[in-house]
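Structure below is entry_9.cif: mmCIF, C-alpha atoms (C1' of nucleotides).
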data_target
loop_
_atom_site.label_atom_id
_atom_site.label_comp_id
_atom_site.auth_asym_id
_atom_site.auth_seq_id
_atom_site.Cartn_x
_atom_site.Cartn_y
_atom_site.Cartn_z
CA MET A 727 -31.41 -49.10 91.06
CA GLN A 728 -34.61 -49.18 89.16
CA ASN A 729 -35.13 -50.54 85.72
CA ASN A 730 -35.63 -47.52 83.48
CA LYS A 731 -36.77 -49.06 80.23
CA SER A 732 -39.83 -46.92 80.81
CA LYS A 733 -39.14 -43.45 82.14
CA THR A 734 -42.03 -43.57 84.54
CA SER A 735 -41.60 -45.51 87.75
CA LYS A 736 -44.28 -47.81 89.06
CA SER A 737 -45.37 -45.34 91.71
CA GLU A 738 -45.58 -42.54 89.18
CA ARG A 739 -47.86 -44.60 87.02
CA THR A 740 -50.06 -45.48 89.95
CA THR A 741 -50.24 -41.87 91.04
CA ALA A 742 -51.24 -40.87 87.55
CA ALA A 743 -53.86 -43.61 87.37
CA ILE A 744 -55.41 -42.49 90.65
CA LEU A 745 -55.43 -38.87 89.55
CA ALA A 746 -57.04 -39.73 86.22
CA ALA A 747 -59.69 -41.86 87.88
CA ALA A 748 -60.37 -39.15 90.43
CA GLN A 749 -60.72 -36.48 87.77
CA GLY A 750 -63.13 -38.64 85.84
CA LEU A 751 -65.34 -39.34 88.81
CA PHE A 752 -65.20 -35.84 90.24
CA ALA A 753 -66.26 -34.52 86.85
CA GLU A 754 -69.09 -37.00 86.57
CA VAL A 755 -70.64 -36.87 90.02
CA GLY A 756 -69.01 -34.06 91.98
CA TYR A 757 -66.92 -34.10 95.11
CA GLU A 758 -69.21 -35.64 97.70
CA ARG A 759 -70.60 -38.44 95.56
CA ALA A 760 -67.20 -39.52 94.29
CA THR A 761 -66.01 -41.91 96.99
CA VAL A 762 -62.46 -42.98 97.61
CA ARG A 763 -63.55 -46.56 97.04
CA ASP A 764 -65.06 -45.74 93.65
CA ILE A 765 -61.97 -43.86 92.60
CA ALA A 766 -59.78 -46.78 93.65
CA ALA A 767 -61.98 -49.22 91.77
CA ARG A 768 -61.74 -47.17 88.60
CA ALA A 769 -57.97 -47.07 88.94
CA SER A 770 -57.95 -50.82 89.67
CA ILE A 771 -56.11 -50.45 92.93
CA ASP A 772 -56.78 -50.70 96.64
CA PRO A 773 -58.62 -47.81 98.36
CA ALA A 774 -55.80 -47.59 100.87
CA MET A 775 -53.40 -46.61 98.08
CA VAL A 776 -55.43 -43.53 97.30
CA ILE A 777 -54.86 -42.23 100.81
CA ARG A 778 -51.26 -43.43 100.84
CA TYR A 779 -50.37 -41.55 97.68
CA PHE A 780 -52.35 -38.38 98.30
CA GLY A 781 -52.83 -38.22 102.05
CA SER A 782 -56.55 -37.53 102.00
CA LYS A 783 -59.52 -37.12 99.72
CA ASP A 784 -59.30 -33.36 100.15
CA VAL A 785 -55.72 -33.22 98.92
CA LEU A 786 -56.56 -35.49 96.02
CA PHE A 787 -59.36 -33.13 95.09
CA ALA A 788 -57.11 -30.12 95.33
CA ARG A 789 -54.64 -31.85 93.01
CA ALA A 790 -57.40 -32.83 90.61
CA ILE A 791 -58.46 -29.24 90.03
CA GLU A 792 -54.98 -27.79 89.59
CA PHE A 793 -54.55 -26.16 86.27
CA ASP A 794 -54.02 -23.02 84.25
CA LEU A 795 -56.56 -21.20 82.10
CA ARG A 796 -53.75 -20.26 79.66
CA LEU A 797 -55.61 -17.14 78.70
CA PRO A 798 -54.60 -15.55 75.41
CA ASN A 799 -52.64 -12.34 75.33
CA LEU A 800 -55.33 -9.98 74.15
CA ALA A 801 -52.80 -7.17 73.73
CA GLN A 802 -51.73 -8.81 70.47
CA THR A 803 -55.27 -9.17 69.21
CA GLU A 804 -57.03 -6.90 66.78
CA LEU A 805 -59.21 -4.58 68.85
CA SER A 806 -62.35 -5.42 66.94
CA ARG A 807 -61.94 -9.15 67.46
CA LEU A 808 -61.41 -9.31 71.20
CA GLY A 809 -64.81 -10.88 71.84
CA ASP A 810 -64.35 -13.51 69.16
CA THR A 811 -60.93 -14.44 70.40
CA LEU A 812 -62.13 -14.80 73.94
CA ILE A 813 -65.10 -17.04 73.26
CA ARG A 814 -63.02 -19.15 70.86
CA HIS A 815 -60.38 -19.70 73.49
CA PHE A 816 -63.05 -20.53 76.01
CA LEU A 817 -64.58 -23.18 73.76
CA ASP A 818 -61.22 -24.70 72.90
CA LEU A 819 -60.50 -24.97 76.59
CA TRP A 820 -63.76 -26.66 77.49
CA GLU A 821 -64.01 -28.96 74.52
CA GLY A 822 -60.36 -29.95 74.79
CA PRO A 823 -59.62 -33.40 76.13
CA THR A 824 -57.39 -32.42 79.05
CA SER A 825 -58.60 -29.18 80.51
CA GLY A 826 -62.29 -29.68 79.79
CA GLY A 827 -62.66 -32.41 82.38
CA ARG A 828 -60.91 -30.44 85.08
CA LEU A 829 -63.01 -27.39 84.42
CA THR A 830 -66.13 -29.49 84.71
CA ILE A 831 -64.90 -30.81 88.05
CA LEU A 832 -64.30 -27.32 89.28
CA LEU A 833 -67.60 -25.94 88.08
CA ARG A 834 -69.59 -28.88 89.45
CA ALA A 835 -67.88 -28.79 92.79
CA SER A 836 -67.85 -25.03 93.21
CA ALA A 837 -71.61 -25.04 93.64
CA THR A 838 -71.40 -26.91 96.93
CA ASN A 839 -67.74 -26.98 97.93
CA ASP A 840 -66.16 -23.92 99.48
CA GLU A 841 -62.66 -24.90 98.51
CA ALA A 842 -63.67 -25.13 94.88
CA ALA A 843 -65.61 -21.86 94.98
CA ALA A 844 -62.58 -20.15 96.48
CA LYS A 845 -60.46 -21.54 93.67
CA MET A 846 -62.89 -20.04 91.18
CA ARG A 847 -62.63 -16.62 92.79
CA LYS A 848 -58.86 -16.94 92.84
CA MET A 849 -58.68 -17.83 89.16
CA PHE A 850 -60.88 -14.88 88.41
CA ALA A 851 -58.71 -12.46 90.37
CA ALA A 852 -55.38 -13.91 89.27
CA GLN A 853 -56.05 -14.62 85.61
CA VAL A 854 -59.19 -13.06 84.19
CA LEU A 855 -58.83 -9.62 85.75
CA PRO A 856 -55.16 -9.14 84.77
CA MET A 857 -55.88 -10.27 81.22
CA LEU A 858 -58.43 -7.51 80.77
CA ALA A 859 -56.37 -4.94 82.62
CA LYS A 860 -53.69 -5.33 79.99
CA ILE A 861 -55.80 -4.24 77.08
CA SER A 862 -57.80 -1.40 78.45
CA ASP A 863 -57.80 0.91 81.39
CA ARG A 864 -61.21 2.38 80.88
CA GLY A 865 -63.22 2.41 84.07
CA GLU A 866 -64.88 -0.46 85.83
CA MET A 867 -62.72 -3.20 84.42
CA SER A 868 -63.68 -5.48 87.29
CA VAL A 869 -67.34 -5.08 86.46
CA ARG A 870 -66.56 -5.86 82.84
CA ALA A 871 -64.64 -8.94 83.93
CA GLY A 872 -67.59 -9.96 86.08
CA LEU A 873 -70.04 -9.67 83.22
CA ILE A 874 -67.80 -11.64 80.89
CA SER A 875 -67.16 -14.37 83.44
CA SER A 876 -70.83 -14.60 84.27
CA HIS A 877 -71.79 -15.14 80.69
CA LEU A 878 -69.06 -17.66 80.00
CA MET A 879 -69.71 -19.64 83.15
CA GLY A 880 -73.39 -19.63 82.35
CA ILE A 881 -72.66 -21.17 78.98
CA ALA A 882 -70.43 -23.78 80.59
CA LEU A 883 -73.07 -24.59 83.18
CA CYS A 884 -75.85 -25.02 80.64
CA ARG A 885 -73.76 -26.82 78.05
CA TYR A 886 -71.52 -29.13 80.07
CA VAL A 887 -73.27 -29.60 83.40
CA LEU A 888 -77.01 -29.10 83.07
CA LYS A 889 -76.98 -30.15 79.43
CA LEU A 890 -79.79 -27.86 78.36
CA PRO A 891 -80.69 -29.26 74.93
CA PRO A 892 -80.48 -26.12 72.77
CA VAL A 893 -77.21 -25.08 74.36
CA VAL A 894 -75.73 -28.53 73.98
CA SER A 895 -76.60 -28.79 70.34
CA MET A 896 -75.25 -25.40 69.33
CA LYS A 897 -72.21 -25.69 67.10
CA PRO A 898 -69.05 -23.91 68.24
CA GLU A 899 -69.26 -21.50 65.33
CA GLN A 900 -72.79 -20.56 66.26
CA ILE A 901 -71.72 -19.89 69.82
CA VAL A 902 -68.85 -17.74 68.61
CA SER A 903 -71.01 -15.65 66.34
CA SER A 904 -73.73 -15.20 68.95
CA ILE A 905 -71.66 -14.49 72.01
CA GLY A 906 -68.59 -12.89 70.50
CA PRO A 907 -70.34 -9.55 69.92
CA THR A 908 -71.69 -9.55 73.47
CA LEU A 909 -68.26 -10.09 74.95
CA GLN A 910 -66.86 -7.44 72.62
CA ARG A 911 -69.32 -4.94 74.05
CA TYR A 912 -68.55 -6.00 77.60
CA ILE A 913 -64.85 -5.37 76.96
CA VAL A 914 -64.86 -2.09 75.05
CA GLY A 915 -68.43 -0.91 74.75
CA PRO A 916 -70.47 1.26 77.12
CA LEU A 917 -71.93 -0.30 80.22
CA MET B 1141 -112.17 -31.01 117.92
CA GLN B 1142 -109.13 -28.88 117.74
CA ASN B 1143 -108.72 -25.47 119.16
CA ASN B 1144 -108.71 -23.13 116.19
CA LYS B 1145 -107.58 -19.90 117.69
CA SER B 1146 -104.75 -20.24 115.22
CA LYS B 1147 -105.78 -21.49 111.80
CA THR B 1148 -102.75 -23.71 111.47
CA SER B 1149 -102.72 -27.02 113.25
CA LYS B 1150 -99.71 -28.27 115.14
CA SER B 1151 -98.70 -30.66 112.41
CA GLU B 1152 -99.02 -27.98 109.78
CA ARG B 1153 -96.70 -25.76 111.71
CA THR B 1154 -94.19 -28.56 112.17
CA THR B 1155 -94.33 -29.42 108.49
CA ALA B 1156 -93.72 -25.79 107.63
CA ALA B 1157 -90.84 -25.56 110.09
CA ILE B 1158 -89.16 -28.61 108.61
CA LEU B 1159 -89.62 -27.30 105.09
CA ALA B 1160 -88.20 -23.91 106.00
CA ALA B 1161 -85.22 -25.46 107.76
CA ALA B 1162 -84.61 -27.76 104.82
CA GLN B 1163 -84.77 -24.92 102.32
CA GLY B 1164 -82.31 -22.93 104.38
CA LEU B 1165 -79.81 -25.73 104.66
CA PHE B 1166 -80.18 -26.94 101.09
CA ALA B 1167 -79.55 -23.39 99.91
CA GLU B 1168 -76.52 -23.01 102.13
CA VAL B 1169 -74.71 -26.29 101.62
CA GLY B 1170 -76.45 -28.22 98.85
CA TYR B 1171 -78.26 -31.52 98.87
CA GLU B 1172 -75.60 -33.98 99.99
CA ARG B 1173 -74.13 -31.90 102.81
CA ALA B 1174 -77.51 -31.02 104.27
CA THR B 1175 -78.21 -33.96 106.56
CA VAL B 1176 -81.57 -34.95 107.93
CA ARG B 1177 -80.17 -34.51 111.42
CA ASP B 1178 -79.03 -30.95 110.70
CA ILE B 1179 -82.37 -30.06 109.19
CA ALA B 1180 -84.15 -31.48 112.23
CA ALA B 1181 -81.88 -29.56 114.58
CA ARG B 1182 -82.58 -26.31 112.78
CA ALA B 1183 -86.30 -26.98 113.03
CA SER B 1184 -85.86 -27.93 116.70
CA ILE B 1185 -87.45 -31.32 116.28
CA ASP B 1186 -86.45 -34.95 116.20
CA PRO B 1187 -84.80 -36.33 113.04
CA ALA B 1188 -87.42 -39.05 112.93
CA MET B 1189 -90.10 -36.44 112.39
CA VAL B 1190 -88.49 -35.29 109.18
CA ILE B 1191 -88.92 -38.75 107.72
CA ARG B 1192 -92.34 -39.17 109.26
CA TYR B 1193 -93.68 -35.99 107.70
CA PHE B 1194 -92.02 -36.25 104.32
CA GLY B 1195 -91.22 -39.91 103.83
CA SER B 1196 -87.62 -39.50 102.79
CA LYS B 1197 -84.90 -36.94 102.25
CA ASP B 1198 -85.46 -37.18 98.51
CA VAL B 1199 -89.13 -36.27 98.80
CA LEU B 1200 -88.32 -33.43 101.17
CA PHE B 1201 -85.85 -32.13 98.63
CA ALA B 1202 -88.38 -32.37 95.83
CA ARG B 1203 -90.84 -30.39 97.94
CA ALA B 1204 -88.19 -27.81 98.80
CA ILE B 1205 -87.56 -26.94 95.17
CA GLU B 1206 -91.18 -26.73 94.09
CA PHE B 1207 -92.06 -23.37 92.73
CA ASP B 1208 -93.04 -21.25 89.78
CA LEU B 1209 -90.88 -18.78 87.89
CA ARG B 1210 -93.95 -16.55 87.34
CA LEU B 1211 -92.48 -15.23 84.15
CA PRO B 1212 -93.91 -11.96 82.87
CA ASN B 1213 -96.17 -11.87 79.85
CA LEU B 1214 -93.83 -10.34 77.34
CA ALA B 1215 -96.62 -9.96 74.81
CA GLN B 1216 -97.81 -6.92 76.75
CA THR B 1217 -94.37 -5.37 76.88
CA GLU B 1218 -93.03 -2.64 74.63
CA LEU B 1219 -90.91 -4.37 72.01
CA SER B 1220 -87.88 -2.23 72.70
CA ARG B 1221 -87.91 -3.01 76.40
CA LEU B 1222 -88.09 -6.78 76.37
CA GLY B 1223 -84.52 -7.19 77.60
CA ASP B 1224 -84.98 -4.72 80.43
CA THR B 1225 -88.19 -6.33 81.56
CA LEU B 1226 -86.64 -9.77 81.58
CA ILE B 1227 -83.55 -8.94 83.59
CA ARG B 1228 -85.62 -6.88 86.03
CA HIS B 1229 -87.96 -9.77 86.63
CA PHE B 1230 -85.01 -12.07 87.05
CA LEU B 1231 -83.45 -9.85 89.70
CA ASP B 1232 -86.72 -9.40 91.57
CA LEU B 1233 -87.09 -13.14 91.66
CA TRP B 1234 -83.61 -13.84 92.99
CA GLU B 1235 -83.41 -11.00 95.44
CA GLY B 1236 -86.91 -11.66 96.74
CA PRO B 1237 -87.19 -13.29 100.15
CA THR B 1238 -89.25 -16.32 99.17
CA SER B 1239 -88.23 -17.48 95.75
CA GLY B 1240 -84.59 -16.45 95.96
CA GLY B 1241 -83.75 -19.13 98.46
CA ARG B 1242 -85.43 -21.87 96.47
CA LEU B 1243 -83.69 -20.84 93.31
CA THR B 1244 -80.38 -20.97 95.10
CA ILE B 1245 -81.17 -24.49 96.31
CA LEU B 1246 -82.01 -25.56 92.82
CA LEU B 1247 -78.96 -23.98 91.22
CA ARG B 1248 -76.58 -25.33 93.88
CA ALA B 1249 -77.99 -28.80 93.72
CA SER B 1250 -78.34 -29.00 89.96
CA ALA B 1251 -74.57 -29.08 89.60
CA THR B 1252 -74.31 -32.48 91.24
CA ASN B 1253 -77.84 -33.82 91.58
CA ASP B 1254 -79.58 -35.33 88.58
CA GLU B 1255 -83.06 -34.75 89.92
CA ALA B 1256 -82.34 -31.05 90.30
CA ALA B 1257 -80.71 -30.79 86.88
CA ALA B 1258 -83.75 -32.46 85.35
CA LYS B 1259 -85.97 -29.95 87.11
CA MET B 1260 -83.90 -27.16 85.56
CA ARG B 1261 -84.35 -28.57 82.09
CA LYS B 1262 -88.05 -28.99 82.73
CA MET B 1263 -88.47 -25.40 83.87
CA PHE B 1264 -86.62 -24.29 80.81
CA ALA B 1265 -88.82 -26.27 78.45
CA ALA B 1266 -92.10 -25.57 80.25
CA GLN B 1267 -91.69 -21.93 81.16
CA VAL B 1268 -88.83 -20.14 79.41
CA LEU B 1269 -89.37 -21.51 75.93
CA PRO B 1270 -93.14 -20.84 75.84
CA MET B 1271 -92.64 -17.30 77.13
CA LEU B 1272 -90.41 -16.48 74.21
CA ALA B 1273 -92.51 -18.37 71.72
CA LYS B 1274 -95.38 -16.01 72.50
CA ILE B 1275 -93.63 -12.86 71.43
CA SER B 1276 -91.79 -13.88 68.35
CA ASP B 1277 -91.75 -16.65 65.85
CA ARG B 1278 -88.55 -15.78 64.12
CA GLY B 1279 -86.29 -18.76 63.70
CA GLU B 1280 -84.22 -20.48 66.30
CA MET B 1281 -86.22 -19.44 69.31
CA SER B 1282 -84.81 -22.35 71.29
CA VAL B 1283 -81.29 -21.17 70.62
CA ARG B 1284 -82.29 -17.68 71.73
CA ALA B 1285 -83.82 -19.13 74.86
CA GLY B 1286 -80.62 -21.04 75.49
CA LEU B 1287 -78.46 -17.96 75.17
CA ILE B 1288 -80.70 -15.97 77.49
CA SER B 1289 -80.87 -18.71 80.08
CA SER B 1290 -77.13 -19.21 79.94
CA HIS B 1291 -76.45 -15.59 80.63
CA LEU B 1292 -78.98 -15.33 83.41
CA MET B 1293 -77.88 -18.50 85.11
CA GLY B 1294 -74.28 -17.36 84.84
CA ILE B 1295 -75.18 -14.17 86.67
CA ALA B 1296 -76.99 -16.14 89.34
CA LEU B 1297 -74.09 -18.51 89.73
CA CYS B 1298 -71.49 -15.75 90.09
CA ARG B 1299 -73.64 -13.47 92.24
CA TYR B 1300 -75.46 -15.83 94.58
CA VAL B 1301 -73.40 -19.01 94.69
CA LEU B 1302 -69.75 -18.30 93.89
CA LYS B 1303 -70.01 -14.75 95.17
CA LEU B 1304 -67.52 -13.29 92.73
CA PRO B 1305 -66.80 -9.87 94.27
CA PRO B 1306 -67.49 -7.56 91.32
CA VAL B 1307 -70.69 -9.39 90.43
CA VAL B 1308 -71.87 -9.36 94.04
CA SER B 1309 -71.30 -5.66 94.46
CA MET B 1310 -73.06 -4.58 91.28
CA LYS B 1311 -76.24 -2.67 91.97
CA PRO B 1312 -79.44 -3.99 90.41
CA GLU B 1313 -79.70 -0.92 88.19
CA GLN B 1314 -76.21 -1.47 86.89
CA ILE B 1315 -77.03 -5.07 86.07
CA VAL B 1316 -80.17 -4.03 84.26
CA SER B 1317 -78.42 -1.43 82.15
CA SER B 1318 -75.53 -3.76 81.29
CA ILE B 1319 -77.37 -6.95 80.57
CA GLY B 1320 -80.70 -5.62 79.35
CA PRO B 1321 -79.33 -4.71 75.90
CA THR B 1322 -77.68 -8.11 75.56
CA LEU B 1323 -80.92 -9.93 76.29
CA GLN B 1324 -82.74 -7.58 73.93
CA ARG B 1325 -80.40 -8.64 71.15
CA TYR B 1326 -80.78 -12.31 72.03
CA ILE B 1327 -84.55 -11.96 71.75
CA VAL B 1328 -85.03 -9.88 68.63
CA GLY B 1329 -81.61 -9.19 67.15
CA PRO B 1330 -79.59 -11.21 64.67
CA LEU B 1331 -77.74 -14.25 65.88
"C1'" DG C 1399 -111.61 -38.64 134.37
"C1'" DA C 1400 -111.28 -42.25 130.61
"C1'" DT C 1401 -110.38 -43.03 125.64
"C1'" DG C 1402 -108.28 -42.77 121.26
"C1'" DA C 1403 -105.75 -40.57 118.07
"C1'" DA C 1404 -102.18 -37.40 116.98
"C1'" DA C 1405 -97.55 -35.73 117.89
"C1'" DG C 1406 -93.14 -36.38 119.55
"C1'" DT C 1407 -89.05 -39.11 121.68
"C1'" DC C 1408 -85.53 -42.56 121.89
"C1'" DA C 1409 -82.41 -45.94 120.68
"C1'" DA C 1410 -80.99 -48.72 117.28
"C1'" DC C 1411 -80.44 -50.67 112.47
"C1'" DA C 1412 -77.81 -51.43 108.23
"C1'" DA C 1413 -75.13 -49.39 105.01
"C1'" DG C 1414 -71.54 -46.47 103.57
"C1'" DT C 1415 -67.83 -43.04 104.60
"C1'" DG C 1416 -62.62 -41.65 105.03
"C1'" DT C 1417 -58.77 -43.39 107.13
"C1'" DT C 1418 -55.36 -46.42 109.61
"C1'" DG C 1419 -52.00 -50.01 110.75
"C1'" DA C 1420 -50.30 -54.55 110.43
"C1'" DC C 1421 -49.12 -57.58 107.11
"C1'" DT C 1422 -47.40 -59.67 102.50
"C1'" DT C 1423 -45.34 -59.42 98.09
"C1'" DA C 1424 -42.13 -57.46 94.74
"C1'" DA C 1425 -38.14 -55.06 93.39
"C1'" DT C 1426 -33.62 -53.26 94.26
"C1'" DA C 1427 -28.84 -52.98 96.32
"C1'" DT C 1428 -25.08 -55.02 98.82
"C1'" DA D 674 -28.35 -65.07 98.36
"C1'" DT D 675 -29.60 -61.57 101.62
"C1'" DA D 676 -30.95 -57.44 103.51
"C1'" DT D 677 -33.55 -53.10 102.59
"C1'" DT D 678 -36.77 -50.51 100.73
"C1'" DA D 679 -40.87 -49.75 97.91
"C1'" DA D 680 -45.50 -51.18 96.54
"C1'" DG D 681 -49.62 -53.33 97.35
"C1'" DT D 682 -53.25 -56.05 100.22
"C1'" DC D 683 -56.46 -56.84 103.89
"C1'" DA D 684 -59.34 -56.21 107.59
"C1'" DA D 685 -60.80 -53.23 110.66
"C1'" DC D 686 -61.53 -48.61 113.04
"C1'" DA D 687 -64.56 -44.81 114.23
"C1'" DC D 688 -67.92 -42.08 112.42
"C1'" DT D 689 -71.90 -40.43 109.81
"C1'" DT D 690 -75.66 -41.34 106.94
"C1'" DG D 691 -80.98 -42.20 106.08
"C1'" DT D 692 -84.41 -44.74 108.03
"C1'" DT D 693 -87.30 -47.66 111.24
"C1'" DG D 694 -90.13 -49.36 115.10
"C1'" DA D 695 -91.37 -49.39 119.78
"C1'" DC D 696 -92.45 -46.40 123.20
"C1'" DT D 697 -94.22 -42.08 125.66
"C1'" DT D 698 -96.47 -37.75 125.89
"C1'" DT D 699 -100.04 -34.42 124.58
"C1'" DC D 700 -104.64 -33.27 123.99
"C1'" DA D 701 -109.32 -32.83 122.14
"C1'" DT D 702 -113.43 -35.44 122.70
"C1'" DC D 703 -116.90 -38.62 125.09
#

For this file, write the structure as structure tokens.
Amino acid sequence: MQNNKSKTSKSERTTAAILAAAQGLFAEVGYERATVRDIAARASIDPAMVIRYFGSKDVLFARAIEFDLRLPNLAQTELSRLGDTLIRHFLDLWEGPTSGGRLTILLRASATNDEAAAKMRKMFAAQVLPMLAKISDRGEMSVRAGLISSHLMGIALCRYVLKLPPVVSMKPEQIVSSIGPTLQRYIVGPL
Amino acid sequence: MQNNKSKTSKSERTTAAILAAAQGLFAEVGYERATVRDIAARASIDPAMVIRYFGSKDVLFARAIEFDLRLPNLAQTELSRLGDTLIRHFLDLWEGPTSGGRLTILLRASATNDEAAAKMRKMFAAQVLPMLAKISDRGEMSVRAGLISSHLMGIALCRYVLKLPPVVSMKPEQIVSSIGPTLQRYIVGPL
DNA sequence: GATGAAAGTCAACAAGTGTTGACTTAATAT
DNA sequence: ATATTAAGTCAACACTTGTTGACTTTCATC
């Protein structure tokens, strides 16, 4: 039997180390430039272990971008503050230590990797659309969702990937007050 | 002397063929996945010619993303229609046959390629910022430019790269009427 | 037709890729 | 202690990458 002073087994720790290293590198340089050897080096293990634990680079990538947007339940939000709530949640997500990295991976990769782009479309259909459907049934909700997603992903692209100076240096509160009203209109206003 | 029935020499035509093939492939699969051999195959020439004519893949890429946003002179535009004018120009650019492809290359590549990301920042600083500076000197023009660029690039990302269904199927007029007012506010409204 | 340059072909290079299998070491169970 | 399994190491594989240099073909000029 194994020694359970620590709850995590050796293999679990190694798996976690590989995953963390992979997420870091994928986020920094994208899918194609992040090599199995570099990932292994960052995790201080042998490249063969990466394949042994995950089967292939593709699978490792798929595991590295697994996660949940944990979108807020807008049905419990004051109608006039829907836009604010949304952009706040978005910023918390991206600036947070755990999910931010994975989102960057996904965004970076989705520009050139079909698997990642498909994941984006899936998240949109499975999470963003239903969230908005709950709070309003006025027409063209999918168009509204598209406008909202476009704006938010544009912010993410400019702030976290391209690092456009003025977008990078904006304070969260400034982003909220600028973009909140726009999102509010995209949710409940006229198109 | 050369036979000038056609104004273009053989080498000019080959150069153009390579460039066109490269732009096509870069736009479709991004920088890293577009190989010199694939580009050569599409141009129906030998891979060695690609290097011979352009020196390296990097140089070819740099040439493939050269272009001008040809931003409109907003100083001659009715003040109340600045947003409309901007989004219309943006759509014309992206849906146009020549520039659209290059913009897609640049956007795709800028997510993982530093050179392309730098080019994005440069275009922003050299073209977008000055355009806005001409029409208004109210404070925080760089923040306004950042918000506008974020939104526009988000649309481009969702419509031309990720192909998010509702954003893809929106008609140009619908995009103009939805996003025009937002841009208008980002230019002259309160932040 | 001979000449010289331009254009194009071919095979190979060095380096880097994901992945594999045989092997060794370490930890557990009998 | 010994046998069994898990964990980790090592070298090599088959392949693709950008790039190069020697060679051949094309073709306008003398």

To one decimal in Å, tell me the separation between CA of Ile881 in chain A and CA of Ser825 in chain A.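 If I compute the distance from CA of Ile881 in chain A to CA of Ser825 in chain A, I get 16.3 Å.
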
Expected answer as a CSV table (one decimal) with C-alpha atoms, keeping the file's coordinate frame: all residues with atoms within 9 Å of (-84.8, -18.3, 76.2), all atoms listed in the file:
chain,number,residue,atom,x,y,z
B,1264,PHE,CA,-86.6,-24.3,80.8
B,1268,VAL,CA,-88.8,-20.1,79.4
B,1269,LEU,CA,-89.4,-21.5,75.9
B,1270,PRO,CA,-93.1,-20.8,75.8
B,1271,MET,CA,-92.6,-17.3,77.1
B,1272,LEU,CA,-90.4,-16.5,74.2
B,1273,ALA,CA,-92.5,-18.4,71.7
B,1281,MET,CA,-86.2,-19.4,69.3
B,1282,SER,CA,-84.8,-22.4,71.3
B,1283,VAL,CA,-81.3,-21.2,70.6
B,1284,ARG,CA,-82.3,-17.7,71.7
B,1285,ALA,CA,-83.8,-19.1,74.9
B,1286,GLY,CA,-80.6,-21.0,75.5
B,1287,LEU,CA,-78.5,-18.0,75.2
B,1288,ILE,CA,-80.7,-16.0,77.5
B,1289,SER,CA,-80.9,-18.7,80.1
B,1290,SER,CA,-77.1,-19.2,79.9
B,1326,TYR,CA,-80.8,-12.3,72.0
B,1327,ILE,CA,-84.6,-12.0,71.8

Here's the selection I'm unsure about, the PyMOL selection byres ((chain D) within 10 of (chain B)); applied to the file above, which residues does it give, as a list in words? DT689, DT690, DG691, DT692, DT693, DC700, DA701 and DT702 of chain D

Counting only C-alpha atoms (C1' of nucleotides), select every polymer residue within 10 Å of (-105.2, -39.5, 118.6) as defined in the file's coordinates, and provide the selection as a PyMOL selection string. (chain C and resi 1401-1405) or (chain D and resi 699-701)

Find the residues of chain C in contact range of chain A, meaning any atom within 10 Å when counting only C-alpha atoms (C1' of nucleotides), and list them as an MDAnalysis selection string. chainID C and resid 1414:1418 1425:1427

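The coordinates place CA of Ser1276 in chain B at 20.2 Å from CA of Leu1209 in chain B.
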
Explicit residue set for the PyMOL selection byres ((chain A) within 9 of (chain B)), as number ranges by chain: A: 754-759, 833-840, 843-844, 846-847, 850, 868-873, 875-885, 887-893, 895-896, 900-901, 903-905, 908, 912, 916-917

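Using the PyMOL selection byres ((chain D and resi 679) around 10) on this structure selects Lys736 and Ser737 of chain A; DA1424, DA1425 and DT1426 of chain C; DT677, DT678, DA680 and DG681 of chain D.
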
Same residues, C-alpha atoms (C1' of nucleotides), output as a tab-separated table (two decimals), keeping the file's coordinate frame:
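Output saved as out_23.tsv:
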chain	number	residue	atom	x	y	z
A	736	LYS	CA	-44.28	-47.81	89.06
A	737	SER	CA	-45.37	-45.34	91.71
C	1424	DA	C1'	-42.13	-57.46	94.74
C	1425	DA	C1'	-38.14	-55.06	93.39
C	1426	DT	C1'	-33.62	-53.26	94.26
D	677	DT	C1'	-33.55	-53.10	102.59
D	678	DT	C1'	-36.77	-50.51	100.73
D	680	DA	C1'	-45.50	-51.18	96.54
D	681	DG	C1'	-49.62	-53.33	97.35

Expressed in Å to a single decimal, how great is the separation between C1' of DA687 in chain D and CA of Ala769 in chain A?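 Rounded to one decimal, the two atoms are 26.2 Å apart.
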
Within 7 Å of range 801-808 of chain A, which residues of range 853-914 of chain A come that close, and what is the closest atom pair and distance in Å for each? Count only C-alpha atoms and give it as a tab-separated table.
residue	atom	partner	partner_atom	distance
A:Lys860	CA	A:Ala801	CA	6.6
A:Ile861	CA	A:Ala801	CA	5.4
A:Gln910	CA	A:Leu808	CA	5.9

Best match for closeness to Gly906 in chain A among A:Arg864, A:Arg814, A:Arg828, A:Arg789, counting only C-alpha atoms: A:Arg814

Name all residues at most 9 Å from Tyr779 in chain A (count all atoms listed in the file; drop same-chain ones fewer than 6 positions away) and give them as a PDB file with C-alpha atoms, in the frame of the given file.
ATOM      1  CA  SER A 737     -45.370 -45.340  91.710  1.00  0.00           C
ATOM      2  CA  THR A 740     -50.060 -45.480  89.950  1.00  0.00           C
ATOM      3  CA  THR A 741     -50.240 -41.870  91.040  1.00  0.00           C
ATOM      4  CA  ILE A 744     -55.410 -42.490  90.650  1.00  0.00           C
ATOM      5  CA  LEU A 786     -56.560 -35.490  96.020  1.00  0.00           C
TER       6      LEU A 786
END

Proximity to DT1423 in chain C - best of D:DT697, D:DC703, D:DA674, D:DT682, all atoms listed in the file: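 Residue with the minimum atom-to-atom distance to DT1423 in chain C: D:DT682.
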